Structure formats: structure tokens, C-alpha cells
file my_file_21.pdb (PDB, C-alpha atoms and all ligand atoms)
ATOM      1  CA  PRO A   1      22.145 -15.601 -30.063  1.00  0.00           C
ATOM      2  CA  ALA A   2      20.816 -18.974 -28.931  1.00  0.00           C
ATOM      3  CA  LYS A   3      17.591 -20.297 -30.430  1.00  0.00           C
ATOM      4  CA  LEU A   4      14.397 -19.026 -28.811  1.00  0.00           C
ATOM      5  CA  ASP A   5      13.388 -21.439 -26.051  1.00  0.00           C
ATOM      6  CA  LYS A   6      10.215 -23.350 -26.966  1.00  0.00           C
ATOM      7  CA  ALA A   7       8.556 -22.223 -23.699  1.00  0.00           C
ATOM      8  CA  VAL A   8       8.158 -18.737 -25.222  1.00  0.00           C
ATOM      9  CA  SER A   9       8.345 -19.551 -28.949  1.00  0.00           C
ATOM     10  CA  SER A  10       4.718 -18.460 -29.505  1.00  0.00           C
ATOM     11  CA  LEU A  11       5.908 -14.914 -28.689  1.00  0.00           C
ATOM     12  CA  ASP A  12       8.637 -14.923 -31.360  1.00  0.00           C
ATOM     13  CA  TRP A  13       6.757 -12.165 -33.239  1.00  0.00           C
ATOM     14  CA  LEU A  14       7.666  -9.710 -30.439  1.00  0.00           C
ATOM     15  CA  LEU A  15      11.430 -10.241 -30.628  1.00  0.00           C
ATOM     16  CA  GLY A  16      13.620  -7.403 -31.830  1.00  0.00           C
ATOM     17  CA  ASN A  17      13.513  -3.626 -31.691  1.00  0.00           C
ATOM     18  CA  TRP A  18      10.505  -1.425 -32.309  1.00  0.00           C
ATOM     19  CA  GLU A  19      10.001   2.316 -32.554  1.00  0.00           C
ATOM     20  CA  SER A  20       6.847   4.441 -32.595  1.00  0.00           C
ATOM     21  CA  VAL A  21       5.897   5.401 -36.160  1.00  0.00           C
ATOM     22  CA  GLU A  22       4.039   8.513 -35.148  1.00  0.00           C
ATOM     23  CA  PRO A  23       3.918   9.918 -31.634  1.00  0.00           C
ATOM     24  CA  GLY A  24       1.648   7.964 -29.317  1.00  0.00           C
ATOM     25  CA  LYS A  25      -1.300   9.577 -27.571  1.00  0.00           C
ATOM     26  CA  GLY A  26      -1.353   9.944 -23.795  1.00  0.00           C
ATOM     27  CA  SER A  27      -4.461  10.909 -21.893  1.00  0.00           C
ATOM     28  CA  TYR A  28      -6.137  10.643 -18.503  1.00  0.00           C
ATOM     29  CA  PRO A  29      -9.030  12.530 -16.904  1.00  0.00           C
ATOM     30  CA  SER A  30      -6.606  14.321 -14.525  1.00  0.00           C
ATOM     31  CA  LEU A  31      -4.005  15.174 -17.222  1.00  0.00           C
ATOM     32  CA  LYS A  32      -3.658  17.352 -20.256  1.00  0.00           C
ATOM     33  CA  ASP A  33      -3.408  15.166 -23.387  1.00  0.00           C
ATOM     34  CA  PHE A  34       0.204  14.570 -24.385  1.00  0.00           C
ATOM     35  CA  ARG A  35       2.200  12.981 -27.199  1.00  0.00           C
ATOM     36  CA  TYR A  36       5.149  10.665 -26.752  1.00  0.00           C
ATOM     37  CA  THR A  37       7.596   8.503 -28.657  1.00  0.00           C
ATOM     38  CA  GLU A  38       8.684   5.075 -27.466  1.00  0.00           C
ATOM     39  CA  ASP A  39      11.137   2.342 -28.364  1.00  0.00           C
ATOM     40  CA  LEU A  40      10.673  -1.286 -27.336  1.00  0.00           C
ATOM     41  CA  HIS A  41      13.353  -3.984 -27.141  1.00  0.00           C
ATOM     42  CA  PHE A  42      12.568  -7.690 -26.745  1.00  0.00           C
ATOM     43  CA  ALA A  43      15.499 -10.091 -26.555  1.00  0.00           C
ATOM     44  CA  GLN A  44      16.198 -13.674 -25.575  1.00  0.00           C
ATOM     45  CA  MET A  45      19.297 -15.396 -24.274  1.00  0.00           C
ATOM     46  CA  GLY A  46      18.357 -19.051 -24.599  1.00  0.00           C
ATOM     47  CA  GLN A  47      16.389 -19.123 -21.335  1.00  0.00           C
ATOM     48  CA  PRO A  48      12.631 -19.845 -21.274  1.00  0.00           C
ATOM     49  CA  ILE A  49      12.220 -16.081 -20.874  1.00  0.00           C
ATOM     50  CA  ILE A  50      12.029 -12.959 -23.041  1.00  0.00           C
ATOM     51  CA  ASN A  51      13.775  -9.869 -21.648  1.00  0.00           C
ATOM     52  CA  PHE A  52      12.324  -6.467 -22.448  1.00  0.00           C
ATOM     53  CA  MET A  53      13.020  -2.758 -22.092  1.00  0.00           C
ATOM     54  CA  PHE A  54      10.680   0.123 -23.045  1.00  0.00           C
ATOM     55  CA  ASN A  55      11.786   3.772 -23.186  1.00  0.00           C
ATOM     56  CA  ALA A  56       9.227   6.540 -23.665  1.00  0.00           C
ATOM     57  CA  SER A  57      10.025  10.225 -24.259  1.00  0.00           C
ATOM     58  CA  ASP A  58       8.152  13.475 -24.638  1.00  0.00           C
ATOM     59  CA  ALA A  59       7.487  13.866 -28.391  1.00  0.00           C
ATOM     60  CA  GLU A  60       8.513  17.548 -28.392  1.00  0.00           C
ATOM     61  CA  THR A  61      11.297  17.910 -25.802  1.00  0.00           C
ATOM     62  CA  LYS A  62      12.634  14.315 -26.278  1.00  0.00           C
ATOM     63  CA  LYS A  63      13.012  14.108 -22.514  1.00  0.00           C
ATOM     64  CA  ILE A  64      12.690  10.535 -21.217  1.00  0.00           C
ATOM     65  CA  LEU A  65       9.450  10.298 -19.292  1.00  0.00           C
ATOM     66  CA  HIS A  66       8.802   6.670 -18.637  1.00  0.00           C
ATOM     67  CA  ARG A  67      10.837   3.466 -18.626  1.00  0.00           C
ATOM     68  CA  GLU A  68       9.946  -0.144 -17.978  1.00  0.00           C
ATOM     69  CA  CYS A  69      12.002  -3.293 -18.052  1.00  0.00           C
ATOM     70  CA  GLY A  70      11.408  -6.874 -17.140  1.00  0.00           C
ATOM     71  CA  PHE A  71      10.845 -10.454 -18.151  1.00  0.00           C
ATOM     72  CA  ILE A  72       8.152 -12.398 -19.959  1.00  0.00           C
ATOM     73  CA  ARG A  73       7.345 -15.968 -18.983  1.00  0.00           C
ATOM     74  CA  MET A  74       4.684 -18.408 -20.186  1.00  0.00           C
ATOM     75  CA  GLN A  75       2.982 -21.188 -18.248  1.00  0.00           C
ATOM     76  CA  THR A  76       4.086 -24.468 -19.813  1.00  0.00           C
ATOM     77  CA  GLY A  77       1.607 -25.979 -22.233  1.00  0.00           C
ATOM     78  CA  THR A  78      -0.827 -23.052 -22.019  1.00  0.00           C
ATOM     79  CA  ASN A  79      -1.368 -19.617 -23.566  1.00  0.00           C
ATOM     80  CA  ARG A  80      -0.952 -17.941 -20.127  1.00  0.00           C
ATOM     81  CA  VAL A  81       1.622 -15.146 -20.182  1.00  0.00           C
ATOM     82  CA  ALA A  82       3.210 -13.227 -17.294  1.00  0.00           C
ATOM     83  CA  PHE A  83       5.086  -9.921 -17.534  1.00  0.00           C
ATOM     84  CA  ILE A  84       7.354  -9.193 -14.530  1.00  0.00           C
ATOM     85  CA  ILE A  85       7.887  -5.430 -14.692  1.00  0.00           C
ATOM     86  CA  ALA A  86       9.895  -2.686 -12.988  1.00  0.00           C
ATOM     87  CA  GLN A  87       9.031   0.929 -13.849  1.00  0.00           C
ATOM     88  CA  ASN A  88      11.091   4.065 -13.249  1.00  0.00           C
ATOM     89  CA  SER A  89       8.162   5.567 -11.319  1.00  0.00           C
ATOM     90  CA  GLY A  90       8.853   2.980  -8.598  1.00  0.00           C
ATOM     91  CA  LEU A  91       5.962   0.740  -9.568  1.00  0.00           C
ATOM     92  CA  VAL A  92       6.706  -2.977  -9.789  1.00  0.00           C
ATOM     93  CA  GLU A  93       4.124  -5.221 -11.329  1.00  0.00           C
ATOM     94  CA  VAL A  94       3.223  -8.716 -12.341  1.00  0.00           C
ATOM     95  CA  GLU A  95       0.747  -8.596 -15.211  1.00  0.00           C
ATOM     96  CA  GLU A  96      -0.892 -11.777 -16.451  1.00  0.00           C
ATOM     97  CA  GLY A  97      -3.061 -12.666 -19.372  1.00  0.00           C
ATOM     98  CA  GLU A  98      -3.506 -14.657 -22.509  1.00  0.00           C
ATOM     99  CA  LEU A  99      -1.976 -14.890 -25.911  1.00  0.00           C
ATOM    100  CA  VAL A 100      -4.595 -15.425 -28.639  1.00  0.00           C
ATOM    101  CA  GLY A 101      -3.101 -15.409 -32.118  1.00  0.00           C
ATOM    102  CA  LYS A 102      -0.871 -12.345 -32.207  1.00  0.00           C
ATOM    103  CA  LYS A 103      -2.826 -10.529 -29.498  1.00  0.00           C
ATOM    104  CA  LEU A 104      -1.555 -10.377 -25.946  1.00  0.00           C
ATOM    105  CA  SER A 105      -3.983  -9.107 -23.282  1.00  0.00           C
ATOM    106  CA  LEU A 106      -2.554  -8.436 -19.821  1.00  0.00           C
ATOM    107  CA  HIS A 107      -3.948  -7.310 -16.477  1.00  0.00           C
ATOM    108  CA  THR A 108      -2.326  -6.553 -13.121  1.00  0.00           C
ATOM    109  CA  GLN A 109      -1.926  -9.648 -10.952  1.00  0.00           C
ATOM    110  CA  ALA A 110       0.302  -8.059  -8.274  1.00  0.00           C
ATOM    111  CA  LEU A 111       1.599  -4.559  -7.691  1.00  0.00           C
ATOM    112  CA  ALA A 112       3.962  -2.847  -5.240  1.00  0.00           C
ATOM    113  CA  ARG A 113       5.731   0.505  -4.833  1.00  0.00           C
ATOM    114  CA  PRO A 114       8.130   2.282  -2.518  1.00  0.00           C
ATOM    115  CA  SER A 115       6.578   3.626   0.707  1.00  0.00           C
ATOM    116  CA  PHE A 116       7.343   7.164  -0.516  1.00  0.00           C
ATOM    117  CA  ALA A 117       6.021   6.780  -4.107  1.00  0.00           C
ATOM    118  CA  LYS A 118       4.223   9.869  -5.361  1.00  0.00           C
ATOM    119  CA  GLU A 119       0.459   9.984  -5.578  1.00  0.00           C
ATOM    120  CA  PRO A 120      -1.939   9.108  -7.056  1.00  0.00           C
ATOM    121  CA  HIS A 121      -1.188   5.423  -6.612  1.00  0.00           C
ATOM    122  CA  VAL A 122      -1.886   3.065  -9.512  1.00  0.00           C
ATOM    123  CA  LYS A 123      -4.312   0.303  -8.570  1.00  0.00           C
ATOM    124  CA  GLU A 124      -4.608  -1.728 -11.787  1.00  0.00           C
ATOM    125  CA  VAL A 125      -3.187  -1.772 -15.291  1.00  0.00           C
ATOM    126  CA  SER A 126      -4.682  -3.437 -18.385  1.00  0.00           C
ATOM    127  CA  ARG A 127      -2.874  -3.490 -21.686  1.00  0.00           C
ATOM    128  CA  VAL A 128      -3.080  -5.109 -25.079  1.00  0.00           C
ATOM    129  CA  PHE A 129      -0.220  -5.708 -27.511  1.00  0.00           C
ATOM    130  CA  GLN A 130      -1.438  -6.646 -30.965  1.00  0.00           C
ATOM    131  CA  LEU A 131       0.469  -7.355 -34.153  1.00  0.00           C
ATOM    132  CA  GLN A 132      -1.378  -5.727 -37.061  1.00  0.00           C
ATOM    133  CA  PRO A 133      -1.759  -7.337 -40.493  1.00  0.00           C
ATOM    134  CA  ASP A 134       0.704  -4.737 -41.896  1.00  0.00           C
ATOM    135  CA  GLY A 135       3.397  -5.874 -39.434  1.00  0.00           C
ATOM    136  CA  LYS A 136       3.068  -2.924 -37.078  1.00  0.00           C
ATOM    137  CA  LEU A 137       2.662  -3.445 -33.343  1.00  0.00           C
ATOM    138  CA  GLU A 138      -0.006  -1.627 -31.367  1.00  0.00           C
ATOM    139  CA  GLN A 139      -0.175  -1.072 -27.609  1.00  0.00           C
ATOM    140  CA  THR A 140      -3.195   0.240 -25.709  1.00  0.00           C
ATOM    141  CA  LEU A 141      -2.970   0.741 -21.938  1.00  0.00           C
ATOM    142  CA  SER A 142      -5.602   1.634 -19.355  1.00  0.00           C
ATOM    143  CA  MET A 143      -5.178   2.078 -15.627  1.00  0.00           C
ATOM    144  CA  SER A 144      -7.046   2.911 -12.459  1.00  0.00           C
ATOM    145  CA  THR A 145      -5.638   4.950  -9.576  1.00  0.00           C
ATOM    146  CA  ASP A 146      -6.922   5.653  -6.080  1.00  0.00           C
ATOM    147  CA  LYS A 147      -8.531   8.753  -7.689  1.00  0.00           C
ATOM    148  CA  GLN A 148      -9.812   7.477 -11.082  1.00  0.00           C
ATOM    149  CA  PRO A 149     -11.572   4.367 -12.368  1.00  0.00           C
ATOM    150  CA  MET A 150     -10.068   2.268 -15.193  1.00  0.00           C
ATOM    151  CA  THR A 151      -9.467   4.731 -18.073  1.00  0.00           C
ATOM    152  CA  GLN A 152      -7.208   4.719 -21.128  1.00  0.00           C
ATOM    153  CA  HIS A 153      -3.777   6.328 -20.541  1.00  0.00           C
ATOM    154  CA  LEU A 154      -1.811   5.340 -23.665  1.00  0.00           C
ATOM    155  CA  HIS A 155      -2.226   4.357 -27.296  1.00  0.00           C
ATOM    156  CA  ILE A 156       0.693   3.911 -29.674  1.00  0.00           C
ATOM    157  CA  THR A 157       1.798   2.024 -32.789  1.00  0.00           C
ATOM    158  CA  TYR A 158       5.365   0.849 -33.463  1.00  0.00           C
ATOM    159  CA  SER A 159       7.225  -0.376 -36.512  1.00  0.00           C
ATOM    160  CA  ARG A 160      10.050  -2.872 -36.434  1.00  0.00           C
ATOM    161  CA  LEU A 161      13.569  -1.480 -36.757  1.00  0.00           C
ATOM    162  CA  ALA A 162      15.708  -3.152 -39.408  1.00  0.00           C
TER     163      ALA A 162
HETATM  164  C1  LIG B   1       0.982  10.529 -15.458  1.00  0.00           C
HETATM  165  C2  LIG B   1       0.920   5.811 -14.528  1.00  0.00           C
HETATM  166  C3  LIG B   1       3.156   4.901 -18.697  1.00  0.00           C
HETATM  167  C4  LIG B   1       3.418   9.612 -19.514  1.00  0.00           C
HETATM  168  C5  LIG B   1       0.763   9.316 -14.866  1.00  0.00           C
HETATM  169  C6  LIG B   1       0.087   9.152 -13.594  1.00  0.00           C
HETATM  170  C7  LIG B   1       0.078   7.834 -13.334  1.00  0.00           C
HETATM  171  C8  LIG B   1       0.739   7.165 -14.424  1.00  0.00           C
HETATM  172  C9  LIG B   1      -0.520   7.157 -12.112  1.00  0.00           C
HETATM  173  C10 LIG B   1      -0.527  10.265 -12.742  1.00  0.00           C
HETATM  174  C11 LIG B   1      -1.991  10.393 -13.116  1.00  0.00           C
HETATM  175  C12 LIG B   1      -2.715  11.435 -12.296  1.00  0.00           C
HETATM  176  O1  LIG B   1      -2.087  12.413 -11.872  1.00  0.00           O
HETATM  177  O2  LIG B   1      -3.940  11.269 -12.118  1.00  0.00           O
HETATM  178  C13 LIG B   1       1.509   5.160 -15.581  1.00  0.00           C
HETATM  179  C14 LIG B   1       1.648   3.723 -15.687  1.00  0.00           C
HETATM  180  C15 LIG B   1       2.283   3.473 -16.867  1.00  0.00           C
HETATM  181  C16 LIG B   1       2.533   4.746 -17.488  1.00  0.00           C
HETATM  182  C17 LIG B   1       1.147   2.724 -14.673  1.00  0.00           C
HETATM  183  C18 LIG B   1       2.684   2.167 -17.515  1.00  0.00           C
HETATM  184  C19 LIG B   1       2.256   0.974 -17.084  1.00  0.00           C
HETATM  185  C20 LIG B   1       3.447   6.095 -19.272  1.00  0.00           C
HETATM  186  C21 LIG B   1       4.146   6.245 -20.517  1.00  0.00           C
HETATM  187  C22 LIG B   1       4.209   7.548 -20.753  1.00  0.00           C
HETATM  188  C23 LIG B   1       3.556   8.244 -19.657  1.00  0.00           C
HETATM  189  C24 LIG B   1       4.705   5.111 -21.394  1.00  0.00           C
HETATM  190  C25 LIG B   1       4.840   8.123 -21.987  1.00  0.00           C
HETATM  191  C26 LIG B   1       5.488   9.208 -22.024  1.00  0.00           C
HETATM  192  C27 LIG B   1       2.798  10.261 -18.480  1.00  0.00           C
HETATM  193  C28 LIG B   1       2.723  11.709 -18.358  1.00  0.00           C
HETATM  194  C29 LIG B   1       2.019  11.967 -17.195  1.00  0.00           C
HETATM  195  C30 LIG B   1       1.677  10.679 -16.623  1.00  0.00           C
HETATM  196  C31 LIG B   1       3.312  12.721 -19.339  1.00  0.00           C
HETATM  197  C32 LIG B   1       1.666  13.353 -16.621  1.00  0.00           C
HETATM  198  C33 LIG B   1       2.825  14.012 -15.980  1.00  0.00           C
HETATM  199  C34 LIG B   1       3.272  13.348 -14.743  1.00  0.00           C
HETATM  200  O3  LIG B   1       2.460  13.220 -13.795  1.00  0.00           O
HETATM  201  O4  LIG B   1       4.458  12.918 -14.681  1.00  0.00           O
HETATM  202  N1  LIG B   1       1.129   8.095 -15.350  1.00  0.00           N
HETATM  203  N2  LIG B   1       2.043   5.739 -16.688  1.00  0.00           N
HETATM  204  N3  LIG B   1       3.093   7.310 -18.776  1.00  0.00           N
HETATM  205  N4  LIG B   1       2.153   9.679 -17.430  1.00  0.00           N
HETATM  206 FE1  LIG B   1       2.015   7.709 -17.114  1.00  0.00          FE
END
call {"tool": "encode", "arguments": {"input": "my_file_21.pdb", "output": "C-alpha cells"}}
result
Amino acid sequence: PAKLDKAVSSLDWLLGNWESVEPGKGSYPSLKDFRYTEDLHFAQMGQPIINFMFNASDAETKKILHRECGFIRMQTGTNRVAFIIAQNSGLVEVEEGELVGKKLSLHTQALARPSFAKEPHVKEVSRVFQLQPDGKLEQTLSMSTDKQPMTQHLHITYSRLA
């Protein structure tokens, strides 16, 4: 593969393939707690962009529950990061935020869905990706819907696949 474009070189620590070490924890006031596994793939093709794909499955049945894919861009000369995301639920999102060290904090900047998307409708998403000192990657995600205020939905830790 081509060398990582310098526009996104400060995100080089994300590149590659990751898999949940232990099942992640899903929760929400309106849901029964659940456990899930997830693999993450970050790749580059010489553009000033990182491509990503996330696949999450039910920890017991292995059924795929949630998928996201998209692109990561950075504003030139800054630590501003944008995720451009499509989700299997129909949600499309731009999340923006800042990279500080190996911690990436993102929040919904724009959001859209099909006219017939199922309810409740997501209003905002906040998430943090953080590289831990032991080399594992952690993601925490909160969201609000038209029924619930901002509340944690997901917490999971991944290790890098060889
Ligand atoms: C339910 C959003 C990621 C698993 C939901 C609901 C929403 C939602 C709005 C319905 C909540 C309610 O009924 O009050 C999102 C968003 C995500 C995301 C915005 C990412 C940005 C995930 C991931 C998993 C997951 C990665 C992992 C398996 C579930 C499950 C339910 C659920 C099991 C309950 C069953 C269902 O309604 O399908 N999610 N979710 N979600 N989510 Fe997520």
C-alpha cells in the first residue's frame, strides 16, 4: 500500500484490523443490557483519507447487528477530525471532533436518515476512541434519541489483529 498521506498521519495508530477482546457492553434506558463483539478495519489508499468499516455482532448468536463504514478526514494544519459515516440502520452522519494525543473525541455535526427509518430517531451521537497504554483500543459511545437524553449505549475494548 502507498504511504499514509501526511494529512491524516497523526491517526496512523488507528490503521489496521482490530477485534474486541471480550464482548462489549451495550445498554440504554429503553433496552435490556446486551453483549456484542465487533471488528474494526481502518485502511488507507494513498489519499488524504482513512477508510473504515465496523462490524458488530451479538456475542451469543453471532448474528450481525450493526455495521458502519465511512471515511476519516482531517482539517489541514489542525487537530480537527471528521468521520463521514453510513450505518446499516439507515443513519448517515458527519461526526466532528478533536484528536488530542491518542484520544479522538467526536460529536454529531450532521445527521440524516431515510423517511421511513424506524423509531426512535437518533438525535446526537458522542464517541471517544482512545489508545490505551497497553496498546488496546477503547470505544465509548453515547447517544440521544427523540425519547431519551444523551446516555451511554456502548463500551468496548479491541486488540490489534496480527
Ligand atoms: C438499539 C442507535 C450502535 C446494538 C438501538 C436504538 C438506537 C440505536 C436508536 C433503539 C433505542 C431505543 O429503542 O430506545 C445506535 C447508534 C449506533 C449504534 C446511533 C452507532 C453510532 C450499535 C452497536 C451495537 C448496537 C455497535 C452492537 C451490537 C443495539 C441493540 C439494540 C440497539 C442490540 C436493541 C435492539 C434493537 O432495537 O435493534 N441502537 N446503535 N448498536 N442497538 Fe444500537
call {"tool": "atom_distance", "arguments": {"input": "my_file_21.pdb", "atom1": "CA of Phe34 in chain A", "atom2": "CA of Glu138 in chain A"}}
result
17.6 Å
call {"tool": "resolve_selection", "arguments": {"input": "my_file_21.pdb", "expression": "the PyMOL selection byres (((chain A and resi 14) around 9) and not hetatm)", "output": "number ranges by chain"}}
result
A: 11-13, 15-18, 41-43, 131, 137
call {"tool": "write_last_selection", "arguments": {"input": "my_file_21.pdb", "atoms": "C-alpha atoms", "output": "PDB file, in the frame of the given file"}}
result
ATOM      1  CA  LEU A  11       5.908 -14.914 -28.689  1.00  0.00           C
ATOM      2  CA  ASP A  12       8.637 -14.923 -31.360  1.00  0.00           C
ATOM      3  CA  TRP A  13       6.757 -12.165 -33.239  1.00  0.00           C
ATOM      4  CA  LEU A  15      11.430 -10.241 -30.628  1.00  0.00           C
ATOM      5  CA  GLY A  16      13.620  -7.403 -31.830  1.00  0.00           C
ATOM      6  CA  ASN A  17      13.513  -3.626 -31.691  1.00  0.00           C
ATOM      7  CA  TRP A  18      10.505  -1.425 -32.309  1.00  0.00           C
ATOM      8  CA  HIS A  41      13.353  -3.984 -27.141  1.00  0.00           C
ATOM      9  CA  PHE A  42      12.568  -7.690 -26.745  1.00  0.00           C
ATOM     10  CA  ALA A  43      15.499 -10.091 -26.555  1.00  0.00           C
ATOM     11  CA  LEU A 131       0.469  -7.355 -34.153  1.00  0.00           C
ATOM     12  CA  LEU A 137       2.662  -3.445 -33.343  1.00  0.00           C
TER      13      LEU A 137
END
call {"tool": "resolve_selection", "arguments": {"input": "my_file_21.pdb", "expression": "the PyMOL selection byres (((chain A and resi 53) around 7) and not hetatm)", "output": "tab-separated table (two decimals) with C-alpha atoms, in the frame of the given file"}}
result
chain	number	residue	atom	x	y	z
A	40	LEU	CA	10.67	-1.29	-27.34
A	41	HIS	CA	13.35	-3.98	-27.14
A	42	PHE	CA	12.57	-7.69	-26.74
A	52	PHE	CA	12.32	-6.47	-22.45
A	54	PHE	CA	10.68	0.12	-23.04
A	55	ASN	CA	11.79	3.77	-23.19
A	68	GLU	CA	9.95	-0.14	-17.98
A	69	CYS	CA	12.00	-3.29	-18.05
A	70	GLY	CA	11.41	-6.87	-17.14
call {"tool": "residues_around", "arguments": {"input": "my_file_21.pdb", "residues": "range 143-148 of chain A", "least_positions_apart": "4", "cutoff": "9 Å", "atoms": "only C-alpha atoms", "output": "mmCIF file with C-alpha atoms, keeping the file's coordinate frame"}}
result
data_model
loop_
_atom_site.group_PDB
_atom_site.id
_atom_site.type_symbol
_atom_site.label_atom_id
_atom_site.label_comp_id
_atom_site.auth_asym_id
_atom_site.auth_seq_id
_atom_site.Cartn_x
_atom_site.Cartn_y
_atom_site.Cartn_z
ATOM 1 C CA TYR A 28 -6.137 10.643 -18.503
ATOM 2 C CA PRO A 29 -9.030 12.530 -16.904
ATOM 3 C CA SER A 30 -6.606 14.321 -14.525
ATOM 4 C CA GLU A 119 0.459 9.984 -5.578
ATOM 5 C CA PRO A 120 -1.939 9.108 -7.056
ATOM 6 C CA HIS A 121 -1.188 5.423 -6.612
ATOM 7 C CA VAL A 122 -1.886 3.065 -9.512
ATOM 8 C CA LYS A 123 -4.312 0.303 -8.570
ATOM 9 C CA GLU A 124 -4.608 -1.728 -11.787
ATOM 10 C CA VAL A 125 -3.187 -1.772 -15.291
ATOM 11 C CA SER A 126 -4.682 -3.437 -18.385
ATOM 12 C CA ARG A 127 -2.874 -3.490 -21.686
ATOM 13 C CA GLN A 152 -7.208 4.719 -21.128
ATOM 14 C CA HIS A 153 -3.777 6.328 -20.541
#
call {"tool": "resolve_selection", "arguments": {"input": "my_file_21.pdb", "expression": "the PyMOL selection byres (((chain A and resi 87) around 12) and not hetatm)", "output": "compact mmCIF listing (two decimals) with C-alpha atoms, in the coordinates of the input"}}
result
# COMPACT_ATOMS: atom_id res chain seq x y z
CA PHE A 52 12.32 -6.47 -22.45
CA MET A 53 13.02 -2.76 -22.09
CA PHE A 54 10.68 0.12 -23.04
CA ASN A 55 11.79 3.77 -23.19
CA ALA A 56 9.23 6.54 -23.66
CA LEU A 65 9.45 10.30 -19.29
CA HIS A 66 8.80 6.67 -18.64
CA ARG A 67 10.84 3.47 -18.63
CA GLU A 68 9.95 -0.14 -17.98
CA CYS A 69 12.00 -3.29 -18.05
CA GLY A 70 11.41 -6.87 -17.14
CA ILE A 84 7.35 -9.19 -14.53
CA ILE A 85 7.89 -5.43 -14.69
CA ALA A 86 9.90 -2.69 -12.99
CA ASN A 88 11.09 4.07 -13.25
CA SER A 89 8.16 5.57 -11.32
CA GLY A 90 8.85 2.98 -8.60
CA LEU A 91 5.96 0.74 -9.57
CA VAL A 92 6.71 -2.98 -9.79
CA GLU A 93 4.12 -5.22 -11.33
CA VAL A 94 3.22 -8.72 -12.34
CA LEU A 111 1.60 -4.56 -7.69
CA ALA A 112 3.96 -2.85 -5.24
CA ARG A 113 5.73 0.50 -4.83
CA PRO A 114 8.13 2.28 -2.52
CA ALA A 117 6.02 6.78 -4.11
CA VAL A 122 -1.89 3.06 -9.51
call {"tool": "residues_around", "arguments": {"input": "my_file_21.pdb", "residues": "Val8 in chain A", "least_positions_apart": "3", "cutoff": "10 Å", "atoms": "all atoms listed in the file", "output": "list in words"}}
result
Leu4, Asp5, Leu11, Asp12, Gln44, Gln47, Pro48, Ile49, Ile50, Ile72, Arg73, Met74, Gln75, Thr76, Asn79 and Val81 of chain A
call {"tool": "atom_distance", "arguments": {"input": "my_file_21.pdb", "atom1": "CA of Ser142 in chain A", "atom2": "CA of Arg35 in chain A"}}
result
15.8 Å
call {"tool": "axis_aligned_box", "arguments": {"input": "my_file_21.pdb", "around": "ligand LIG 1 (chain B)", "padding_each_side": "4 Å", "output": "JSON"}}
result
{"center_x": 0.8, "center_y": 7.5, "center_z": -16.9, "size_x": 17.4, "size_y": 21.0, "size_z": 18.2}
call {"tool": "residues_near_point", "arguments": {"input": "my_file_21.pdb", "point": "(2.1, -5.6, -23.6)", "cutoff": "8 Å", "atoms": "all atoms listed in the file", "output": "JSON, numbers by chain"}}
result
{"A": [104, 105, 106, 127, 128, 129, 139]}
call {"tool": "write_last_selection", "arguments": {"input": "my_file_21.pdb", "atoms": "C-alpha atoms", "output": "mmCIF file, in the coordinates of the input"}}
result
data_model
loop_
_atom_site.group_PDB
_atom_site.id
_atom_site.type_symbol
_atom_site.label_atom_id
_atom_site.label_comp_id
_atom_site.auth_asym_id
_atom_site.auth_seq_id
_atom_site.Cartn_x
_atom_site.Cartn_y
_atom_site.Cartn_z
ATOM 1 C CA LEU A 104 -1.555 -10.377 -25.946
ATOM 2 C CA SER A 105 -3.983 -9.107 -23.282
ATOM 3 C CA LEU A 106 -2.554 -8.436 -19.821
ATOM 4 C CA ARG A 127 -2.874 -3.490 -21.686
ATOM 5 C CA VAL A 128 -3.080 -5.109 -25.079
ATOM 6 C CA PHE A 129 -0.220 -5.708 -27.511
ATOM 7 C CA GLN A 139 -0.175 -1.072 -27.609
#
call {"tool": "atom_distance", "arguments": {"input": "my_file_21.pdb", "atom1": "CA of Thr108 in chain A", "atom2": "CA of Glu38 in chain A"}}
result
21.5 Å
call {"tool": "closest_residue", "arguments": {"input": "my_file_21.pdb", "among": "A:Leu154, A:Ala82, A:Met45, A:Ala162", "to": "Leu31 in chain A", "atoms": "only C-alpha atoms"}}
result
A:Leu154
call {"tool": "closest_residue", "arguments": {"input": "my_file_21.pdb", "among": "A:Gly101, A:Asp33, A:Ser20, A:Arg80", "to": "ligand LIG 1 (chain B)", "atoms": "only C-alpha atoms and all ligand atoms"}}
result
A:Asp33
call {"tool": "closest_residue", "arguments": {"input": "my_file_21.pdb", "among": "A:Ser159, A:Lys103, A:Asp39, A:Asp58", "to": "ligand LIG 1 (chain B)", "atoms": "all atoms listed in the file"}}
result
A:Asp58
call {"tool": "closest_residue", "arguments": {"input": "my_file_21.pdb", "among": "A:Ser115, A:Ser9, A:Thr140, A:Gln130", "to": "ligand LIG 1 (chain B)", "atoms": "only C-alpha atoms and all ligand atoms"}}
result
A:Thr140
call {"tool": "closest_residue", "arguments": {"input": "my_file_21.pdb", "among": "A:Ser57, A:Lys62, A:Lys6, A:Phe83", "to": "ligand LIG 1 (chain B)", "atoms": "only C-alpha atoms and all ligand atoms"}}
result
A:Ser57
call {"tool": "closest_residue", "arguments": {"input": "my_file_21.pdb", "among": "A:Gly135, A:Ala110, A:Asn51, A:Ala59", "to": "Phe71 in chain A", "atoms": "all atoms listed in the file"}}
result
A:Asn51
